>>> print(open('upload-v2.txt').read())   # compact mmCIF, C-alpha atoms
# COMPACT_ATOMS: atom_id res chain seq x y z
CA MET A 1 120.49 104.04 101.25
CA SER A 2 119.60 100.44 101.85
CA GLN A 3 121.98 97.78 100.56
CA HIS A 4 119.35 95.11 99.89
CA ARG A 5 115.60 94.86 99.85
CA GLN A 6 114.11 92.15 101.98
CA PRO A 7 111.02 93.85 103.40
CA SER A 8 110.83 93.30 107.13
CA ARG A 9 107.03 92.96 106.90
CA ALA A 10 107.53 89.70 104.98
CA ARG A 11 110.33 88.57 107.29
CA ARG A 12 108.35 89.03 110.45
CA THR A 13 105.43 87.12 108.94
CA LEU A 14 107.79 84.15 108.66
CA PHE A 15 109.08 84.70 112.22
CA ARG A 16 105.52 84.50 113.53
CA ALA A 17 104.11 81.80 111.27
CA GLY A 18 106.71 79.16 112.08
CA PRO A 19 106.15 78.85 115.84
CA LEU A 20 102.40 79.21 115.45
CA LEU A 21 102.17 76.48 112.84
CA GLY A 22 104.16 74.13 115.05
CA ALA A 23 101.96 74.89 118.02
CA LEU A 24 98.81 74.17 116.01
CA ILE A 25 100.18 70.80 114.94
CA VAL A 26 100.92 69.88 118.57
CA ILE A 27 97.48 71.08 119.65
CA GLY A 28 95.85 68.93 116.98
CA GLY A 29 97.73 65.85 118.12
CA LEU A 30 96.86 66.32 121.77
CA LEU A 31 93.21 66.96 121.01
CA ALA A 32 93.12 63.80 118.94
CA ALA A 33 94.22 61.96 122.05
CA GLY A 34 91.14 63.30 123.81
CA GLY A 35 92.87 65.10 126.68
CA ALA A 36 92.23 68.40 128.42
CA TRP A 37 95.53 70.18 128.95
CA ALA A 38 97.39 73.44 129.46
CA LEU A 39 99.95 74.76 126.98
CA THR A 40 102.89 76.84 128.23
CA ARG A 41 105.41 78.26 125.75
CA ASN A 42 108.95 78.36 127.10
CA ASP A 43 111.06 77.52 124.06
CA GLY A 44 112.81 80.87 123.67
CA SER A 45 110.90 81.75 120.49
CA ALA A 46 108.09 83.67 122.16
CA HIS A 47 107.76 86.01 125.09
CA ARG A 48 104.30 86.73 126.30
CA GLU A 49 102.85 88.40 129.37
CA THR A 50 99.67 86.32 129.59
CA ALA A 51 98.28 83.40 131.50
CA ASP A 52 99.06 80.00 130.03
CA PRO A 53 96.56 79.27 127.22
CA THR A 54 94.40 76.18 127.75
CA VAL A 55 92.46 73.83 125.55
CA SER A 56 89.59 71.70 126.76
CA ALA A 57 87.91 68.90 124.83
CA SER A 58 84.42 67.56 125.13
CA SER A 59 82.09 65.51 122.99
CA SER A 60 80.34 68.66 121.71
CA ALA A 61 82.84 71.55 121.60
CA VAL A 62 86.48 72.44 121.66
CA SER A 63 87.88 75.81 122.83
CA THR A 64 91.23 76.87 121.37
CA PRO A 65 93.80 79.29 122.77
CA VAL A 66 93.68 82.89 121.60
CA ALA A 67 97.09 84.40 120.84
CA THR A 68 98.12 87.70 122.39
CA PRO A 69 100.49 89.84 120.25
CA LEU A 70 104.10 89.93 121.39
CA ALA A 71 107.47 91.14 120.22
CA THR A 72 108.73 89.37 117.11
CA PRO A 73 110.60 86.19 118.18
CA THR A 74 114.25 87.03 117.49
CA PRO A 75 117.76 86.62 118.86
CA ARG A 76 118.44 88.57 122.03
CA ASN A 77 119.80 92.09 121.83
CA CYS A 78 118.52 93.30 118.47
CA THR A 79 119.86 96.81 119.09
CA ALA A 80 123.29 96.33 117.50
CA SER A 81 121.96 95.07 114.14
CA PRO A 82 118.15 95.36 114.02
CA HIS A 83 117.86 93.82 110.55
CA LEU A 84 119.24 90.51 111.86
CA CYS A 85 116.09 90.34 113.99
CA GLY A 86 113.82 91.41 111.14
CA TYR A 87 113.58 95.01 112.37
CA PRO A 88 114.18 98.09 110.23
CA ASP A 89 117.58 99.75 109.99
CA ALA A 90 119.69 101.33 107.24
CA THR A 91 119.96 98.03 105.35
CA ASN A 92 116.26 97.58 104.62
CA THR A 93 114.69 101.06 104.62
CA GLY A 94 114.93 104.16 102.47
CA VAL A 95 115.76 104.47 98.78
CA PRO A 96 116.98 101.11 97.45
CA THR A 97 120.60 100.86 96.35
CA GLY A 98 121.01 101.36 92.61
CA THR A 99 117.96 103.60 92.20
CA THR A 100 118.61 106.47 89.78
CA LEU A 101 117.18 109.72 91.12
CA GLN A 102 116.47 112.90 89.18
CA GLN A 103 117.07 116.22 90.91
CA VAL A 104 114.08 118.52 91.41
CA PRO A 105 114.08 121.20 90.08
CA GLY A 106 117.49 120.87 88.40
CA GLN A 107 116.72 117.91 86.09
CA VAL A 108 112.94 117.68 86.23
CA SER A 109 110.35 120.19 87.49
CA ARG A 110 106.95 118.59 86.90
CA GLY A 111 105.11 115.37 86.26
CA LYS A 112 101.56 114.07 86.21
CA GLY A 113 99.84 115.47 89.31
CA TRP A 114 102.87 117.38 90.68
CA TYR A 115 105.11 120.37 89.95
CA TYR A 116 107.90 122.41 91.43
CA ASP A 117 106.54 125.72 92.73
CA PRO A 118 109.11 128.50 92.19
CA ARG A 119 108.30 129.82 95.65
CA GLY A 120 110.37 126.91 96.92
CA TRP A 121 108.49 123.62 97.33
CA ILE A 122 107.16 120.64 95.39
CA GLU A 123 103.38 120.63 95.16
CA VAL A 124 101.60 117.26 94.75
CA ASP A 125 97.96 118.14 94.16
CA GLY A 126 96.72 115.60 91.63
CA LYS A 127 94.44 112.77 92.72
CA GLY A 128 96.33 109.52 92.33
CA ALA A 129 99.64 111.24 91.59
CA VAL A 130 102.89 109.28 91.91
CA LEU A 131 106.12 111.09 92.78
CA GLN A 132 108.95 108.60 92.42
CA ASP A 133 112.71 108.40 91.85
CA VAL A 134 113.53 112.03 92.62
CA SER A 135 115.90 113.86 94.94
CA THR A 136 115.23 117.34 96.30
CA SER A 137 116.25 119.92 98.87
CA HIS A 138 112.70 121.29 99.08
CA THR A 139 109.59 120.36 101.07
CA ILE A 140 107.12 118.05 99.35
CA ASP A 141 103.66 119.48 100.04
CA ILE A 142 100.82 117.00 99.45
CA THR A 143 97.29 118.32 98.98
CA GLY A 144 95.98 115.59 96.66
CA SER A 145 94.54 112.28 97.78
CA ASP A 146 95.44 108.72 96.76
CA VAL A 147 99.00 109.98 96.27
CA THR A 148 102.09 107.77 96.36
CA ILE A 149 105.56 109.08 97.30
CA LYS A 150 108.15 106.36 96.65
CA ASP A 151 111.93 106.12 96.33
CA VAL A 152 112.39 109.81 97.07
CA ARG A 153 115.28 111.53 98.86
CA VAL A 154 114.50 114.76 100.72
CA THR A 155 117.49 116.59 102.18
CA LEU A 156 116.47 119.77 103.96
CA SER A 157 117.37 121.77 107.06
CA GLY A 158 115.91 124.35 109.43
CA ASN A 159 112.33 124.85 110.62
CA ASN A 160 110.83 123.00 107.69
CA PHE A 161 108.95 119.79 107.01
CA GLY A 162 110.44 117.13 104.75
CA ILE A 163 107.02 115.96 103.56
CA ASP A 164 103.75 117.48 104.70
CA LEU A 165 100.11 116.51 104.23
CA ARG A 166 97.17 118.93 104.14
CA HIS A 167 93.60 117.56 104.28
CA THR A 168 94.56 114.38 102.40
CA HIS A 169 93.20 110.84 102.19
CA ASN A 170 94.99 107.57 101.44
CA VAL A 171 98.50 108.89 100.91
CA ILE A 172 101.39 106.38 100.85
CA ILE A 173 104.95 107.47 101.66
CA GLU A 174 107.40 104.61 101.30
CA ASP A 175 111.01 103.59 100.69
CA SER A 176 112.28 107.15 101.03
CA ASP A 177 115.12 108.98 102.80
CA ILE A 178 114.24 112.13 104.76
CA SER A 179 117.00 113.98 106.58
CA SER A 180 119.03 117.08 107.27
CA PRO A 181 122.78 117.27 106.70
CA TYR A 182 123.03 118.67 110.24
CA SER A 183 122.24 117.34 113.71
CA GLY A 184 122.53 120.70 115.52
CA PRO A 185 120.50 123.92 115.22
CA ASN A 186 120.04 123.39 111.46
CA ARG A 187 118.35 120.01 111.92
CA LEU A 188 115.10 119.41 110.02
CA MET A 189 112.13 120.22 112.25
CA VAL A 190 109.78 117.38 111.16
CA GLY A 191 110.37 114.57 108.71
CA ILE A 192 106.70 113.81 107.86
CA LYS A 193 103.91 116.00 109.23
CA ASP A 194 100.13 116.05 108.97
CA VAL A 195 99.79 119.82 109.21
CA PHE A 196 96.13 120.01 110.26
CA GLY A 197 95.89 116.59 111.91
CA ASP A 198 92.91 115.55 109.78
CA SER A 199 94.46 113.41 107.04
CA THR A 200 93.14 109.84 106.98
CA GLY A 201 94.31 106.55 105.55
CA THR A 202 97.97 107.63 105.57
CA LYS A 203 100.57 104.85 105.25
CA ILE A 204 104.20 105.57 106.13
CA LEU A 205 106.28 102.54 105.23
CA GLN A 206 109.97 101.59 105.22
CA ASN A 207 111.41 105.09 105.32
CA ASN A 208 114.79 106.09 106.73
CA ILE A 209 114.50 109.33 108.73
CA TRP A 210 117.32 111.07 110.61
CA HIS A 211 118.59 114.45 111.89
CA THR A 212 115.06 115.64 112.65
CA ALA A 213 113.60 117.04 115.86
CA THR A 214 110.46 114.99 115.18
CA GLY A 215 110.45 112.02 112.83
CA VAL A 216 106.73 111.56 112.11
CA GLN A 217 103.75 113.57 113.33
CA VAL A 218 100.42 112.22 112.08
CA ALA A 219 97.07 111.41 113.67
CA ALA A 220 95.68 108.43 111.76
CA GLY A 221 96.64 105.52 109.54
CA LEU A 222 99.64 103.17 109.63
CA ILE A 223 103.29 103.82 110.51
CA ASP A 224 105.15 100.60 109.78
CA ASP A 225 108.73 99.40 109.24
CA ASN A 226 110.46 102.79 109.48
CA TYR A 227 113.95 103.50 110.84
CA ILE A 228 113.96 106.80 112.80
CA HIS A 229 117.26 107.64 114.44
CA ASP A 230 120.15 110.08 115.09
CA PHE A 231 117.97 113.02 116.05
CA GLY A 232 118.82 116.67 115.70
CA TYR A 233 118.30 119.39 118.27
CA ARG A 234 118.12 123.14 118.57
CA SER A 235 117.28 125.02 121.76
CA GLY A 236 113.58 124.71 122.57
CA ASP A 237 112.92 121.51 120.63
CA HIS A 238 110.81 118.66 121.98
CA VAL A 239 112.38 115.61 120.38
CA ASN A 240 109.95 112.88 119.25
CA GLY A 241 110.27 109.78 117.12
CA VAL A 242 106.57 109.36 116.31
CA THR A 243 104.15 111.73 117.99
CA VAL A 244 100.38 112.21 118.04
CA ASN A 245 98.64 115.26 119.51
CA GLY A 246 95.21 113.79 120.18
CA GLY A 247 92.31 112.21 118.34
CA THR A 248 90.15 109.11 118.18
CA THR A 249 90.74 108.08 114.56
CA PRO A 250 92.56 104.72 114.54
CA LEU A 251 96.35 104.75 114.19
CA THR A 252 98.75 101.79 114.25
CA ILE A 253 102.45 102.32 114.99
CA GLU A 254 103.97 98.94 114.24
CA HIS A 255 107.38 97.34 113.79
CA ASN A 256 109.50 100.48 113.63
CA THR A 257 113.02 100.94 114.97
CA ILE A 258 113.20 104.27 116.82
CA PHE A 259 116.42 105.20 118.60
CA VAL A 260 116.34 108.60 120.33
CA ASN A 261 119.94 109.47 121.11
CA LEU A 262 118.92 112.40 123.33
CA SER A 263 117.59 112.67 126.88
CA GLN A 264 114.19 114.00 125.75
CA THR A 265 111.43 113.48 124.83
CA ASP A 266 110.34 110.08 123.46
CA ALA A 267 110.50 107.41 120.80
CA ILE A 268 106.68 107.24 120.59
CA SER A 269 104.26 109.65 122.21
CA LEU A 270 100.51 110.00 122.45
CA PHE A 271 99.67 113.43 123.88
CA GLU A 272 96.30 115.07 124.47
CA ASP A 273 97.29 118.53 123.25
CA PHE A 274 94.16 118.91 121.09
CA GLY A 275 91.80 116.31 122.54
CA VAL A 276 91.39 112.83 123.97
CA GLU A 277 93.65 110.02 122.76
CA ALA A 278 91.89 106.82 121.72
CA ASN A 279 92.06 103.88 119.33
CA LYS A 280 95.83 103.67 119.00
CA VAL A 281 97.98 100.54 118.69
CA ILE A 282 101.71 100.59 119.48
CA GLU A 283 102.94 97.12 118.61
CA ASP A 284 106.21 95.26 118.02
CA ASN A 285 108.50 98.30 117.87
CA LEU A 286 112.18 98.38 118.88
CA VAL A 287 112.65 101.60 120.87
CA ALA A 288 115.30 103.34 122.94
CA GLY A 289 115.98 106.70 124.55
CA GLY A 290 114.06 109.87 125.37
CA SER A 291 112.89 110.95 128.81
CA TYR A 292 110.52 107.99 128.60
CA SER A 293 110.58 105.76 125.56
CA ILE A 294 106.78 105.76 125.24
CA TYR A 295 104.12 108.18 126.46
CA GLY A 296 100.80 106.34 126.59
CA GLY A 297 98.21 109.05 125.96
CA GLN A 298 96.96 110.02 129.43
CA ASN A 299 97.75 113.67 130.11
CA ALA A 300 97.60 114.64 133.77
CA GLY A 301 94.14 116.09 134.38
CA GLY A 302 93.10 115.38 130.79
CA PRO A 303 90.18 113.33 129.49
CA THR A 304 90.46 109.58 129.93
CA ALA A 305 92.42 107.99 127.10
CA TYR A 306 90.93 104.69 125.96
CA ASN A 307 91.60 101.79 123.58
CA ILE A 308 95.34 102.35 123.79
CA ARG A 309 97.14 99.04 123.16
CA ILE A 310 100.88 98.90 123.86
CA ILE A 311 101.80 95.33 123.07
CA GLY A 312 104.81 93.24 122.15
CA ASN A 313 107.41 96.01 121.99
CA ARG A 314 111.15 95.62 122.63
CA PHE A 315 112.76 98.24 124.87
CA SER A 316 116.46 98.74 124.33
CA ARG A 317 118.93 99.95 126.97
CA LYS A 318 121.13 101.42 124.24
CA TYR A 319 121.26 104.82 125.97
CA TYR A 320 119.80 104.35 129.47
CA PRO A 321 119.44 101.42 131.90
CA LEU A 322 115.66 102.06 132.04
CA GLY A 323 115.17 102.42 128.28
CA GLY A 324 114.40 106.11 128.56
CA GLN A 325 116.24 108.38 130.96
CA PHE A 326 113.50 107.93 133.58
CA GLY A 327 111.86 104.72 132.42
CA PRO A 328 110.22 102.84 129.55
CA LEU A 329 106.69 104.25 129.92
CA ALA A 330 104.81 107.27 131.23
CA ALA A 331 101.31 108.76 130.98
CA PHE A 332 99.46 105.45 130.66
CA ASN A 333 96.21 104.55 132.40
CA SER A 334 96.11 100.77 132.63
CA HIS A 335 92.61 100.82 134.16
CA ALA A 336 90.80 102.72 131.42
CA ARG A 337 88.49 101.00 128.96
CA GLY A 338 90.34 99.02 126.31
CA ASN A 339 93.83 100.00 127.44
CA VAL A 340 96.37 97.16 127.36
CA TRP A 341 100.04 96.83 128.30
CA SER A 342 101.15 93.31 127.43
CA GLY A 343 104.06 91.30 126.08
CA ASN A 344 106.58 94.16 126.26
CA ILE A 345 110.15 93.03 126.94
CA TRP A 346 113.71 94.24 127.50
CA ASP A 347 115.66 93.73 124.30
CA ASP A 348 118.87 92.50 125.94
CA SER A 349 117.38 89.96 128.35
CA GLU A 350 113.93 89.31 126.84
CA THR A 351 112.40 89.54 130.31
CA VAL A 352 108.88 90.88 130.52
CA ILE A 353 108.48 94.48 131.70
CA ARG A 354 105.84 94.48 134.41
CA GLY A 355 104.36 97.08 136.71
CA PHE A 356 102.20 99.02 134.30
>>> encode(input="upload-v2.txt", output="structure tokens")
Amino acid sequence: MSQHRQPSRARRTLFRAGPLLGALIVIGGLLAAGGAWALTRNDGSAHRETADPTVSASSSAVSTPVATPLATPTPRNCTASPHLCGYPDATNTGVPTGTTLQQVPGQVSRGKGWYYDPRGWIEVDGKGAVLQDVSTSHTIDITGSDVTIKDVRVTLSGNNFGIDLRHTHNVIIEDSDISSPYSGPNRLMVGIKDVFGDSTGTKILQNNIWHTATGVQVAAGLIDDNYIHDFGYRSGDHVNGVTVNGGTTPLTIEHNTIFVNLSQTDAISLFEDFGVEANKVIEDNLVAGGSYSIYGGQNAGGPTAYNIRIIGNRFSRKYYPLGGQFGPLAAFNSHARGNVWSGNIWDDSETVIRGF
């Protein structure tokens, strides 16, 4: 349970706005002087794998530098206390401290758009339903659209899903705790899962997820500001923080903290199990562990993955000197259309990771 609520989305907006505003003021002053010049940032507040931006002035037109996304400017080594850098951890994700939760089905068994099914799960099937301020040891099964799940605690073990989606649209899951009491064979299989891989508009925001084999498995939408950590394992598991199994519907995985304390498989993975990977953004995450910390969507012998942008992430050496056991990145085709690797850095030294 988080101790205070200062959403990291708002905090990182401030981190980014300050340096940018200062740079714009300087640019304006230099342009007023009528010079053509090159701007290089080396003030410790930004870390960018790009050529130096330039500005040229003429009597008829002015071209301005275009920013390339990068890791949130922060102190070095965010791994020990991610929230001090504006990243998610236990202090700013999950059910807020002081929230009163009702037990389902012990204290409450139904509400508008949802009910406890005596076969052993919570069914949310009403359009626009809100399930909030409850605690349960049963799967939450979402079949309605425009649903909000907020301030919910799911504690469940075994080969189950904490929250699953089936053919849904515009579902929001936020400020919730999803976990198993166990990290061994009775771990929770998946924290949040899109069962058929066809749900759209899903937003997964500021959740605290632990003791799962896979934290989040969805194909489209936004995964933002979540803390996924302390994974569980039973023989045969492939351990994933956030994983995608193929598809071209846009998905953004942004500003999450994902620490995989096991030697396999990944913090973030794009795989082509069921088709080509395309139109995915992996941006400004703090990641550590796995075989490789990120798999970039290009299966060996598979169709060409495209429009995969891996930008501005921080790779931690919390578990391995190379981020993951074998390295920070695998299965990425830097030459394919729209694919970008840029602005990714080591968390402890803030040096740019090159070679991809």
>>> closest_residue(input="upload-v2.txt", among="A:Leu165, A:Trp210, A:Ser176, A:Val216", to="A:Phe196", atoms="all atoms listed in the file")
A:Leu165
>>> closest_residue(input="upload-v2.txt", among="A:Val134, A:Ile308, A:Val108, A:Ile253", to="A:Ile282", atoms="only C-alpha atoms")
A:Ile253
>>> atom_distance(input="upload-v2.txt", atom1="atom CA of A:Phe326", atom2="atom CA of A:Glu277")
22.7 Å
>>> residues_near_point(input="upload-v2.txt", point="(110.7, 105.1, 125.2)", cutoff="12 Å", atoms="all atoms listed in the file", output="MDAnalysis selection string")
chainID A and resid 239:243 257:270 282 285:296 310 313:331 344 346
>>> closest_atom_pairs(input="upload-v2.txt", of="stretch 71-119 of chain A", to="stretch 139-157 of chain A", cutoff="12 Å", atoms="all atoms listed in the file", output="CSV")
residue,atom,partner,partner_atom,distance
A:Thr93,CA,A:Asp151,CA,10.1
A:Gly94,CA,A:Asp151,CA,7.1
A:Val95,CA,A:Asp151,CA,4.8
A:Pro96,CA,A:Asp151,CA,7.2
A:Thr97,CA,A:Asp151,CA,10.1
A:Gly98,CA,A:Asp151,CA,10.9
A:Thr99,CA,A:Asp151,CA,7.7
A:Thr100,CA,A:Asp151,CA,9.4
A:Leu101,CA,A:Val152,CA,7.6
A:Gln102,CA,A:Val152,CA,9.4
A:Gln103,CA,A:Arg153,CA,9.4
A:Val104,CA,A:Val154,CA,10.0
A:Pro105,CA,A:Thr139,CA,11.9
A:Lys112,CA,A:Val147,CA,11.2
A:Gly113,CA,A:Gly144,CA,8.3
A:Trp114,CA,A:Ile142,CA,9.0
A:Tyr115,CA,A:Ile140,CA,9.9
A:Tyr116,CA,A:Ile140,CA,9.1
A:Asp117,CA,A:Asp141,CA,10.0
A:Arg119,CA,A:Thr139,CA,11.0
>>> closest_residue(input="upload-v2.txt", among="A:Asp225, A:Asn245, A:Asn170, A:Gly106", to="A:Thr200", atoms="only C-alpha atoms")
A:Asn170
>>> atom_distance(input="upload-v2.txt", atom1="atom CA of A:Glu272", atom2="atom CA of A:Gly246")
4.6 Å
